[in-house]
$ cat start04.txt   # compact mmCIF, C-alpha atoms
# COMPACT_ATOMS: atom_id res chain seq x y z
CA MET A 9 0.00 0.00 0.00
CA LYS A 10 2.92 2.37 0.63
CA ILE A 11 4.70 1.53 -2.62
CA ILE A 12 2.38 3.46 -4.91
CA PRO A 13 2.53 6.84 -3.07
CA THR A 14 6.30 6.50 -2.83
CA PHE A 15 6.51 5.78 -6.56
CA LYS A 16 4.31 8.80 -7.28
CA LYS A 17 6.53 11.01 -5.16
CA SER A 18 9.62 9.75 -6.97
CA LEU A 19 8.00 10.25 -10.35
CA PHE A 20 6.93 13.76 -9.36
CA ALA A 21 10.47 14.60 -8.20
CA LEU A 22 11.91 13.23 -11.43
CA THR A 23 9.46 15.32 -13.45
CA LEU A 24 10.63 18.44 -11.66
CA LEU A 25 14.26 17.50 -12.16
CA CYS A 26 14.11 16.73 -15.88
CA PRO A 27 13.54 20.30 -17.07
CA MET A 28 16.49 21.35 -14.92
CA LEU A 29 18.68 18.71 -16.52
CA ALA A 30 17.49 19.67 -19.99
CA GLN A 31 18.39 23.28 -19.32
CA ALA A 32 21.92 22.56 -18.05
CA GLU A 33 24.28 25.16 -19.43
CA MET A 34 27.49 27.02 -18.80
CA LEU A 35 27.82 29.94 -21.15
CA ALA A 36 30.82 31.87 -22.38
CA LEU A 37 31.12 34.95 -24.56
CA VAL A 38 33.51 34.72 -27.51
CA ASN A 39 34.38 37.50 -29.93
CA TYR A 40 35.47 36.14 -33.30
CA GLN A 41 36.49 37.16 -36.80
CA SER A 42 37.22 35.44 -40.08
CA LYS A 43 40.52 33.78 -40.73
CA PRO A 44 42.67 35.91 -43.05
CA ASP A 45 41.92 33.79 -46.14
CA GLN A 46 38.20 33.42 -45.43
CA THR A 47 35.55 35.17 -47.54
CA PRO A 48 33.12 36.75 -47.05
CA LYS A 49 34.54 38.42 -43.97
CA ARG A 50 32.71 37.89 -40.70
CA GLU A 51 33.00 39.30 -37.22
CA GLY A 52 30.77 38.92 -34.21
CA LEU A 53 30.10 38.11 -30.58
CA ALA A 54 28.98 34.56 -29.91
CA ILE A 55 27.59 32.94 -26.78
CA ILE A 56 28.71 29.31 -26.65
CA ASP A 57 27.64 26.56 -24.25
CA LEU A 58 30.54 24.85 -22.44
CA ASP A 59 28.49 22.50 -20.24
CA PHE A 60 29.37 18.90 -21.15
CA ASP A 61 25.89 17.74 -20.03
CA SER A 62 24.03 20.23 -22.19
CA GLU A 63 22.40 19.25 -25.45
CA ASN A 64 23.90 22.50 -26.79
CA PHE A 65 27.46 21.71 -25.72
CA ALA A 66 30.00 23.42 -28.00
CA LYS A 67 27.18 25.08 -29.94
CA ILE A 68 26.69 28.80 -30.51
CA VAL A 69 23.38 29.66 -28.85
CA THR A 70 23.47 33.39 -29.64
CA ASP A 71 25.33 35.17 -32.43
CA ILE A 72 25.63 38.96 -32.62
CA PRO A 73 27.13 40.11 -35.95
CA LEU A 74 29.58 43.02 -35.79
CA PRO A 75 31.05 45.34 -38.43
CA THR A 76 34.00 43.65 -40.13
CA ASP A 77 36.24 46.71 -39.61
CA LEU A 78 35.77 46.65 -35.81
CA GLU A 79 38.37 43.97 -34.97
CA ALA A 80 36.94 43.38 -31.49
CA HIS A 81 39.90 42.24 -29.46
CA HIS A 82 39.24 41.94 -25.70
CA VAL A 83 36.16 41.86 -23.44
CA PHE A 84 36.22 43.02 -19.80
CA TYR A 85 33.51 43.21 -17.12
CA ASN A 86 33.03 46.03 -14.64
CA LYS A 87 33.16 45.26 -10.92
CA ASP A 88 29.43 44.48 -10.74
CA VAL A 89 29.62 42.29 -13.85
CA THR A 90 26.66 44.27 -15.18
CA LYS A 91 28.50 45.79 -18.15
CA ALA A 92 30.88 44.27 -20.68
CA TYR A 93 33.43 46.55 -22.33
CA VAL A 94 34.67 45.61 -25.80
CA ALA A 95 38.08 46.97 -26.77
CA SER A 96 38.76 46.97 -30.50
CA LEU A 97 41.78 47.37 -32.72
CA GLY A 98 39.91 49.02 -35.57
CA SER A 99 36.90 51.33 -35.70
CA ASN A 100 35.06 52.27 -32.48
CA PRO A 101 37.92 51.41 -30.11
CA LEU A 102 35.69 51.14 -27.01
CA GLN A 103 32.10 49.96 -26.70
CA VAL A 104 29.95 48.78 -23.81
CA ILE A 105 27.14 46.24 -23.44
CA ASP A 106 24.49 46.37 -20.74
CA MET A 107 24.50 42.73 -19.63
CA THR A 108 21.26 43.14 -17.65
CA LYS A 109 19.18 43.73 -20.78
CA GLN A 110 18.47 41.49 -23.72
CA PRO A 111 18.94 41.53 -26.63
CA TYR A 112 22.53 42.60 -26.01
CA LYS A 113 23.46 45.80 -27.82
CA LEU A 114 26.77 47.59 -28.19
CA LYS A 115 26.98 51.28 -27.35
CA THR A 116 29.97 53.33 -28.47
CA ILE A 117 31.97 55.22 -25.82
CA ASP A 118 33.47 58.47 -27.07
CA VAL A 119 37.27 58.25 -26.64
CA PRO A 120 38.65 60.33 -29.54
CA GLU A 121 42.25 60.19 -28.30
CA CYS A 122 42.25 56.39 -28.21
CA GLN A 123 43.46 54.28 -31.13
CA VAL A 124 43.87 50.51 -31.00
CA ALA A 125 42.26 49.91 -27.60
CA GLU A 126 43.66 46.96 -25.68
CA ASP A 127 43.09 46.27 -21.96
CA LEU A 128 40.80 47.70 -19.26
CA VAL A 129 40.87 47.76 -15.47
CA PHE A 130 38.38 49.13 -12.96
CA SER A 131 38.89 50.85 -9.62
CA ALA A 132 37.68 48.97 -6.53
CA ASP A 133 35.29 51.80 -5.64
CA LYS A 134 33.55 51.24 -9.01
CA LYS A 135 34.04 54.89 -9.98
CA ARG A 136 36.66 54.71 -12.73
CA TRP A 137 37.89 52.61 -15.61
CA TYR A 138 41.17 52.84 -17.49
CA VAL A 139 41.85 51.65 -21.04
CA THR A 140 45.23 51.33 -22.74
CA CYS A 141 45.48 52.75 -26.25
CA MET A 142 48.33 51.02 -28.05
CA GLY A 143 47.96 53.05 -31.24
CA SER A 144 47.93 56.50 -29.63
CA SER A 145 50.34 55.73 -26.76
CA ASN A 146 48.16 56.88 -23.89
CA VAL A 147 45.72 55.66 -21.26
CA ILE A 148 42.16 56.94 -21.02
CA MET A 149 40.53 57.35 -17.60
CA GLY A 150 36.74 57.17 -17.67
CA ASP A 151 33.74 57.40 -15.35
CA ALA A 152 32.57 53.83 -14.72
CA GLN A 153 28.99 54.93 -14.05
CA THR A 154 28.41 57.34 -16.96
CA ASP A 155 31.09 55.93 -19.31
CA LYS A 156 32.30 59.45 -20.05
CA GLN A 157 35.98 60.18 -20.61
CA ILE A 158 37.59 61.93 -17.63
CA LYS A 159 41.24 62.28 -18.55
CA VAL A 160 43.88 61.38 -21.13
CA ILE A 161 47.01 60.07 -19.39
CA SER A 162 50.21 60.52 -21.37
CA ALA A 163 53.89 61.20 -20.68
CA PRO A 164 56.87 62.86 -22.41
CA LYS A 165 58.21 60.58 -25.13
CA THR A 166 61.80 61.85 -25.27
CA GLU A 167 64.81 59.55 -25.09
CA THR A 168 65.96 61.12 -21.83
CA SER A 169 62.61 61.02 -20.08
CA LYS A 170 62.22 58.62 -17.17
CA LYS A 171 58.45 58.81 -17.59
CA PHE A 172 57.46 56.97 -20.71
CA ILE A 173 54.24 55.58 -22.22
CA SER A 174 54.58 54.01 -25.65
CA HIS A 175 52.28 51.43 -27.21
CA PRO A 176 50.69 50.42 -23.88
CA HIS A 177 48.93 47.07 -23.75
CA GLY A 178 48.63 45.33 -20.37
CA ILE A 179 47.42 47.25 -17.34
CA GLY A 180 47.10 46.33 -13.67
CA ILE A 181 45.62 48.33 -10.80
CA ASN A 182 46.03 48.14 -7.05
CA ASP A 183 43.78 50.56 -5.18
CA GLU A 184 45.38 49.97 -1.78
CA ILE A 185 48.62 51.58 -2.94
CA ASN A 186 46.96 53.90 -5.49
CA ARG A 187 49.04 52.55 -8.37
CA ILE A 188 48.56 51.47 -11.95
CA VAL A 189 51.25 49.64 -13.91
CA ILE A 190 51.09 49.48 -17.70
CA ALA A 191 53.12 47.28 -20.05
CA ASN A 192 54.64 49.15 -23.01
CA THR A 193 54.68 46.63 -25.83
CA LEU A 194 54.56 46.74 -29.66
CA HIS A 195 53.75 49.15 -32.44
CA PRO A 196 50.32 47.92 -33.60
CA THR A 197 51.32 47.50 -37.26
CA ASP A 198 55.12 47.27 -37.20
CA PHE A 199 56.28 44.55 -34.80
CA SER A 200 59.90 45.48 -35.39
CA ILE A 201 59.19 48.41 -33.07
CA ALA A 202 59.06 46.74 -29.68
CA GLU A 203 59.30 48.43 -26.28
CA GLU A 204 60.96 47.08 -23.12
CA THR A 205 59.40 48.89 -20.15
CA VAL A 206 56.50 49.16 -17.75
CA THR A 207 55.25 52.53 -16.48
CA VAL A 208 53.94 53.29 -12.99
CA ILE A 209 51.05 55.75 -12.64
CA LYS A 210 49.11 57.15 -9.69
CA ALA A 211 45.66 55.65 -10.11
CA ARG A 212 43.41 58.40 -8.80
CA SER A 213 45.21 61.39 -10.31
CA GLY A 214 46.66 59.76 -13.43
CA LYS A 215 50.09 61.23 -12.70
CA VAL A 216 52.86 59.35 -14.51
CA LEU A 217 55.60 58.50 -11.99
CA SER A 218 58.32 56.27 -13.44
CA THR A 219 59.30 53.77 -16.12
CA HIS A 220 61.22 50.52 -15.57
CA LYS A 221 63.03 48.19 -17.95
CA MET A 222 61.95 44.52 -18.10
CA SER A 223 65.16 43.07 -19.50
CA ASP A 224 68.75 42.47 -18.45
CA LYS A 225 69.89 42.75 -22.06
CA PRO A 226 71.33 45.95 -23.59
CA SER A 227 68.75 48.43 -24.88
CA PRO A 228 66.88 48.31 -27.10
CA SER A 229 66.10 44.76 -26.05
CA GLY A 230 62.68 44.68 -27.75
CA VAL A 231 61.27 42.25 -25.18
CA ALA A 232 57.74 43.71 -25.52
CA PRO A 233 56.10 43.52 -22.06
CA VAL A 234 52.51 42.52 -22.77
CA GLU A 235 50.57 41.86 -19.53
CA ALA A 236 50.79 43.37 -16.04
CA VAL A 237 48.52 41.70 -13.47
CA PHE A 238 48.41 42.21 -9.69
CA LEU A 239 48.16 39.17 -7.44
CA PRO A 240 45.04 39.83 -5.32
CA LYS A 241 45.51 40.14 -1.54
CA ALA A 242 49.31 39.87 -1.77
CA LYS A 243 51.31 41.46 1.07
CA PRO A 244 53.52 43.16 0.15
CA GLU A 245 51.66 44.11 -3.01
CA ARG A 246 52.92 42.21 -6.03
CA LEU A 247 52.30 42.01 -9.77
CA TYR A 248 53.49 39.75 -12.58
CA ILE A 249 54.56 40.84 -16.06
CA ASN A 250 55.00 38.77 -19.22
CA THR A 251 57.40 39.84 -21.98
CA ALA A 252 56.00 38.59 -25.30
CA PHE A 253 59.28 38.71 -27.24
CA GLY A 254 61.64 38.19 -24.29
CA ASN A 255 59.68 35.06 -23.33
CA THR A 256 60.13 35.79 -19.64
CA LEU A 257 58.02 36.30 -16.53
CA TRP A 258 58.86 39.20 -14.21
CA THR A 259 57.52 40.31 -10.85
CA GLY A 260 57.23 43.70 -9.22
CA VAL A 261 57.13 44.00 -5.41
CA TRP A 262 55.90 47.13 -3.63
CA ASN A 263 58.24 48.84 -1.20
CA THR A 264 56.37 50.95 1.33
CA MET A 265 59.44 52.96 2.30
CA SER A 266 60.45 54.01 -1.21
CA GLN A 267 56.85 54.06 -2.49
CA ASN A 268 57.90 52.20 -5.61
CA PHE A 269 58.37 48.71 -7.03
CA SER A 270 61.41 46.46 -7.23
CA PHE A 271 61.34 44.42 -10.43
CA SER A 272 63.09 41.13 -11.18
CA GLN A 273 62.87 38.24 -13.64
CA ILE A 274 61.54 35.03 -12.07
CA PHE A 275 61.00 32.62 -14.99
CA ASP A 276 62.35 32.02 -18.49
CA PHE A 277 60.03 30.29 -20.99
CA ASN A 278 62.94 29.96 -23.41
CA LEU A 279 64.10 27.03 -21.28
CA LEU A 280 60.85 25.26 -22.20
CA LYS A 281 61.23 26.22 -25.88
CA GLN A 282 58.06 28.25 -25.54
CA GLY A 283 57.51 31.73 -26.92
CA VAL A 284 55.10 34.65 -26.69
CA PRO A 285 53.77 34.35 -23.13
CA LEU A 286 50.48 36.23 -22.96
CA GLU A 287 47.71 36.01 -20.35
CA ILE A 288 48.02 35.53 -16.58
CA TYR A 289 45.28 34.09 -14.34
CA PHE A 290 45.02 32.92 -10.73
CA SER A 291 43.07 30.18 -8.94
CA HIS A 292 40.32 30.98 -6.43
CA LYS A 293 42.67 30.18 -3.56
CA LEU A 294 45.43 32.28 -5.15
CA ASP A 295 47.83 29.36 -4.80
CA LYS A 296 48.19 28.69 -8.53
CA MET A 297 49.00 30.90 -11.51
CA TYR A 298 48.14 30.04 -15.11
CA VAL A 299 50.16 31.52 -17.98
CA THR A 300 49.49 30.93 -21.68
CA THR A 301 52.17 30.88 -24.35
CA ALA A 302 51.14 31.34 -27.97
CA SER A 303 54.05 29.69 -29.76
CA PRO A 304 53.68 26.78 -30.12
CA GLY A 305 50.80 26.91 -27.60
CA HIS A 306 50.78 25.84 -23.93
CA LEU A 307 48.96 26.35 -20.66
CA ASN A 308 51.53 26.59 -17.88
CA ILE A 309 50.51 25.94 -14.27
CA PHE A 310 52.63 27.45 -11.49
CA ASN A 311 52.50 26.85 -7.75
CA ILE A 312 52.61 30.32 -6.14
CA LYS A 313 52.28 29.43 -2.47
CA ASN A 314 55.54 31.36 -2.33
CA PRO A 315 54.62 34.14 -4.79
CA ALA A 316 58.23 35.34 -5.01
CA LYS A 317 59.33 31.98 -6.43
CA PRO A 318 56.70 30.41 -8.70
CA ILE A 319 57.28 26.70 -9.29
CA LEU A 320 56.21 25.25 -12.61
CA GLU A 321 53.99 22.24 -11.91
CA LYS A 322 52.77 21.39 -15.39
CA SER A 323 53.10 22.63 -18.94
CA ILE A 324 50.21 21.36 -21.08
CA PRO A 325 50.41 21.55 -24.91
CA THR A 326 47.27 23.10 -26.37
CA ALA A 327 47.30 24.54 -29.90
CA GLU A 328 49.00 27.36 -31.75
CA GLY A 329 48.06 30.78 -30.43
CA SER A 330 47.00 29.92 -26.86
CA HIS A 331 45.72 33.19 -25.43
CA HIS A 332 42.76 33.73 -23.08
CA VAL A 333 41.43 31.18 -20.59
CA VAL A 334 38.16 30.65 -18.73
CA PHE A 335 37.53 28.15 -15.97
CA SER A 336 34.54 26.08 -14.90
CA PRO A 337 33.15 27.30 -11.54
CA ASP A 338 34.60 24.27 -9.74
CA GLU A 339 37.99 24.89 -11.44
CA ARG A 340 38.04 21.32 -12.77
CA TYR A 341 38.32 22.46 -16.37
CA ALA A 342 40.09 25.25 -18.23
CA PHE A 343 39.02 26.36 -21.70
CA VAL A 344 41.90 27.86 -23.69
CA GLN A 345 41.16 30.04 -26.71
CA ASN A 346 43.80 29.44 -29.38
CA ASN A 347 44.35 32.50 -31.56
CA PHE A 348 46.58 35.53 -31.23
CA LEU A 349 45.92 38.39 -33.65
CA ASN A 350 45.31 36.02 -36.57
CA LEU A 351 49.10 35.68 -36.88
CA PRO A 352 50.52 32.78 -38.90
CA GLY A 353 51.55 29.95 -36.60
CA MET A 354 49.44 31.40 -33.80
CA ASN A 355 45.90 31.22 -35.19
CA ASP A 356 44.70 27.64 -34.79
CA GLY A 357 41.13 28.76 -34.03
CA SER A 358 40.20 25.99 -31.61
CA ILE A 359 39.32 26.01 -27.90
CA SER A 360 41.30 23.45 -25.89
CA VAL A 361 39.47 21.86 -22.97
CA ILE A 362 41.95 21.07 -20.17
CA ASP A 363 41.20 18.65 -17.34
CA LEU A 364 43.12 20.38 -14.54
CA GLN A 365 42.90 17.37 -12.22
CA LYS A 366 44.50 15.06 -14.74
CA GLY A 367 46.68 17.72 -16.35
CA THR A 368 45.65 16.62 -19.84
CA VAL A 369 43.69 17.90 -22.83
CA LYS A 370 40.20 16.45 -22.66
CA MET A 371 39.13 17.59 -26.14
CA GLU A 372 39.28 20.35 -28.72
CA ILE A 373 36.23 22.47 -29.52
CA ASN A 374 36.37 23.37 -33.22
CA THR A 375 33.07 25.24 -33.47
CA PHE A 376 34.70 28.40 -34.80
CA LYS A 377 37.61 26.76 -36.60
CA ASP A 378 35.29 24.61 -38.71
CA GLN A 379 33.54 27.75 -39.95
CA GLY A 380 36.77 29.48 -40.96
CA LEU A 381 36.64 31.73 -37.91
CA ASN A 382 39.14 32.62 -35.21
CA PRO A 383 38.08 33.37 -31.62
CA ASN A 384 39.89 36.50 -30.42
CA ALA A 385 38.97 36.28 -26.73
CA ILE A 386 36.76 34.33 -24.35
CA VAL A 387 35.10 35.28 -21.04
CA MET A 388 32.43 33.48 -19.06
CA MET A 389 28.97 35.02 -19.06
CA PRO A 390 28.16 36.89 -15.80
CA LYS A 391 26.48 33.95 -14.04
CA TRP A 392 29.64 31.84 -14.34
CA TYR A 393 32.28 34.59 -14.20
CA HIS A 394 34.76 34.49 -11.31
CA ASP A 395 38.02 36.10 -12.49
CA ASN A 396 39.64 37.58 -9.39
CA ALA A 397 42.41 39.61 -11.05
CA HIS A 398 41.08 41.27 -14.21
$ encode --input "start04.txt" --output "structure tokens"
Amino acid sequence: MKIIPTFKKSLFALTLLCPMLAQAEMLALVNYQSKPDQTPKREGLAIIDLDFDSENFAKIVTDIPLPTDLEAHHVFYNKDVTKAYVASLGSNPLQVIDMTKQPYKLKTIDVPECQVAEDLVFSADKKRWYVTCMGSSNVIMGDAQTDKQIKVISAPKTETSKKFISHPHGIGINDEINRIVIANTLHPTDFSIAEETVTVIKARSGKVLSTHKMSDKPSPSGVAPVEAVFLPKAKPERLYINTAFGNTLWTGVWNTMSQNFSFSQIFDFNLLKQGVPLEIYFSHKLDKMYVTTASPGHLNIFNIKNPAKPILEKSIPTAEGSHHVVFSPDERYAFVQNNFLNLPGMNDGSISVIDLQKGTVKMEINTFKDQGLNPNAIVMMPKWYHDNAH
């Protein structure tokens, strides 16, 4: 007599659960463009499902076409993860998307002094954003609420100046010490012009303070610093810098007495026969650091329990052009986007799925590659986003 009610309860529970299972998803935002030899040209923003249990796994569930002269390059969220900022190498260098409203629409932000927009950071008080402009060699400070330009940050560009901003790319901010560090990298169209320094700026005022060389070689070394990322919660304050052409990892440590950083090289990717180190990410616990190299393509995992001396734990081959990475919320899997600027030998176009527990490649997602497209960047959609450093 008790079996039937129990069966009904189980059936009812299963009925409630089935729609939930059918709707399983884990969404990421990918900006893409055609491979160089592909016609007609395409560019867009795609939302792709990365949940292995979803019927839409590896499929594009939303596609937003973009102008083919935009060259959307990077996507960054504000502190509330309510707005996504799209930095572009071509027309309309900076645009913003209200992520709380659908359909998603891009709105242009007026930054006339910015050419070839690269990276953005946001102040902890949610009042300001900063974008590096590689083509116009300055940094734009903006109001994070109104998205209006506040200030153009530039510095003297003479050979004798100790304050130097030239072709800035990476940018890190630490509000506790009121400092921004930018990585001066490459001329956007002539890669033979490569810088070798990072520049320190006062965050709130935009005052340019000093410039520091990221190479022990004679100048001009052309090492091209590319990313500058602060390690959250580090005491003393610390950031890491990649040199794209030097193939090295540097660190900068804050000195309270001198009110400046001490910089030193802490890893050499040349020893691994890897080149073009690019993005830097950290685990939730801040005990691991992930660094991508684009040539020939690897995800490198460092133990940073002692942040002054990162220890390489694993170097996992991915595909040519390994660049941005997103992680599943449980940090079991990493998804590596393999394309860097559509450059030959660094534009595979796939997304490598890494099992971080096993330290192996689980599979390759070729959704974009099979259509003759290259993903330029990848970020998780707001519900699944948990980047603690960008």
$ closest_residue --input "start04.txt" --among "A:Ile179, A:Thr108, A:His394, A:Ser174" --to "Tyr138 in chain A" --atoms "all atoms listed in the file"
A:Ile179
$ residues_around --input "start04.txt" --residues "Gly329 in chain A" --least-positions-apart "6" --cutoff "12 Å" --atoms "all atoms listed in the file" --output "MDAnalysis selection string"
chainID A and resid 282:287 300:307 344:360 382:385
$ atom_distance --input "start04.txt" --atom1 "CA of Asp151 in chain A" --atom2 "CA of Lys134 in chain A"
8.8 Å
$ atom_distance --input "start04.txt" --atom1 "CA of Val147 in chain A" --atom2 "CA of Leu74 in chain A"
25.1 Å
$ closest_residue --input "start04.txt" --among "A:Cys141, A:Leu294, A:Leu114, A:Ile288" --to "Pro73 in chain A" --atoms "all atoms listed in the file"
A:Leu114
$ atom_distance --input "start04.txt" --atom1 "CA of Ile56 in chain A" --atom2 "CA of Met34 in chain A"
8.3 Å
$ residues_around --input "start04.txt" --residues "Ile201 in chain A" --least-positions-apart "3" --cutoff "10 Å" --atoms "all atoms listed in the file" --output "PyMOL selection string"
chain A and resi 175+193-198+228+230+232
$ residues_around --input "start04.txt" --residues "Asp77 in chain A" --least-positions-apart "4" --cutoff "12 Å" --atoms "all atoms listed in the file" --output "ChimeraX atom specification"
/A:41-42,49-52,73,81,96-101
$ closest_residue --input "start04.txt" --among "A:Val234, A:Ala92, A:Ile209, A:Ala66" --to "Glu126 in chain A" --atoms "all atoms listed in the file"
A:Val234
$ residues_around --input "start04.txt" --residues "range 244-252 of chain A" --least-positions-apart "2" --cutoff "6 Å" --atoms "all atoms listed in the file" --output "list in words"
Val231, Ala232, Pro233, Val234, Glu235, Ala236, Val237, Phe238, Leu239, Ala242, Gly254, Asn255, Thr256, Leu257, Trp258, Thr259, Gly260, Val261, Trp262, Val284 and Pro285 of chain A
$ residues_around --input "start04.txt" --residues "Lys313 in chain A" --least-positions-apart "5" --cutoff "10 Å" --atoms "all atoms listed in the file" --output "PDB file with C-alpha atoms, in the frame of the given file"
ATOM      1  CA  LYS A 293      42.670  30.180  -3.560  1.00  0.00           C
ATOM      2  CA  LEU A 294      45.430  32.280  -5.150  1.00  0.00           C
ATOM      3  CA  ASP A 295      47.830  29.360  -4.800  1.00  0.00           C
ATOM      4  CA  LYS A 296      48.190  28.690  -8.530  1.00  0.00           C
ATOM      5  CA  MET A 297      49.000  30.900 -11.510  1.00  0.00           C
ATOM      6  CA  PRO A 318      56.700  30.410  -8.700  1.00  0.00           C
ATOM      7  CA  ILE A 319      57.280  26.700  -9.290  1.00  0.00           C
TER       8      ILE A 319
END
$ closest_residue --input "start04.txt" --among "A:Val299, A:Val83, A:Leu53, A:Ile190" --to "Phe277 in chain A" --atoms "all atoms listed in the file"
A:Val299
$ closest_residue --input "start04.txt" --among "A:His220, A:Phe310, A:Ala211, A:Asp59" --to "Pro337 in chain A" --atoms "all atoms listed in the file"
A:Asp59
$ residues_near_point --input "start04.txt" --point "(43.1, 46.3, -18.0)" --cutoff "6 Å" --atoms "all atoms listed in the file" --output "list in words"
Asp127, Leu128, Val129, Ile179 and Gly180 of chain A
$ closest_residue --input "start04.txt" --among "A:Pro315, A:Pro48, A:Lys221, A:Ala36" --to "Gly380 in chain A" --atoms "all atoms listed in the file"
A:Pro48
$ axis_aligned_box --input "start04.txt" --around "range 48-64 of chain A" --padding-each-side "8 Å" --output "lines of an AutoDock Vina configuration file"
center_x = 28.5
center_y = 28.5
center_z = -33.5
size_x = 28.1
size_y = 37.6
size_z = 43.0
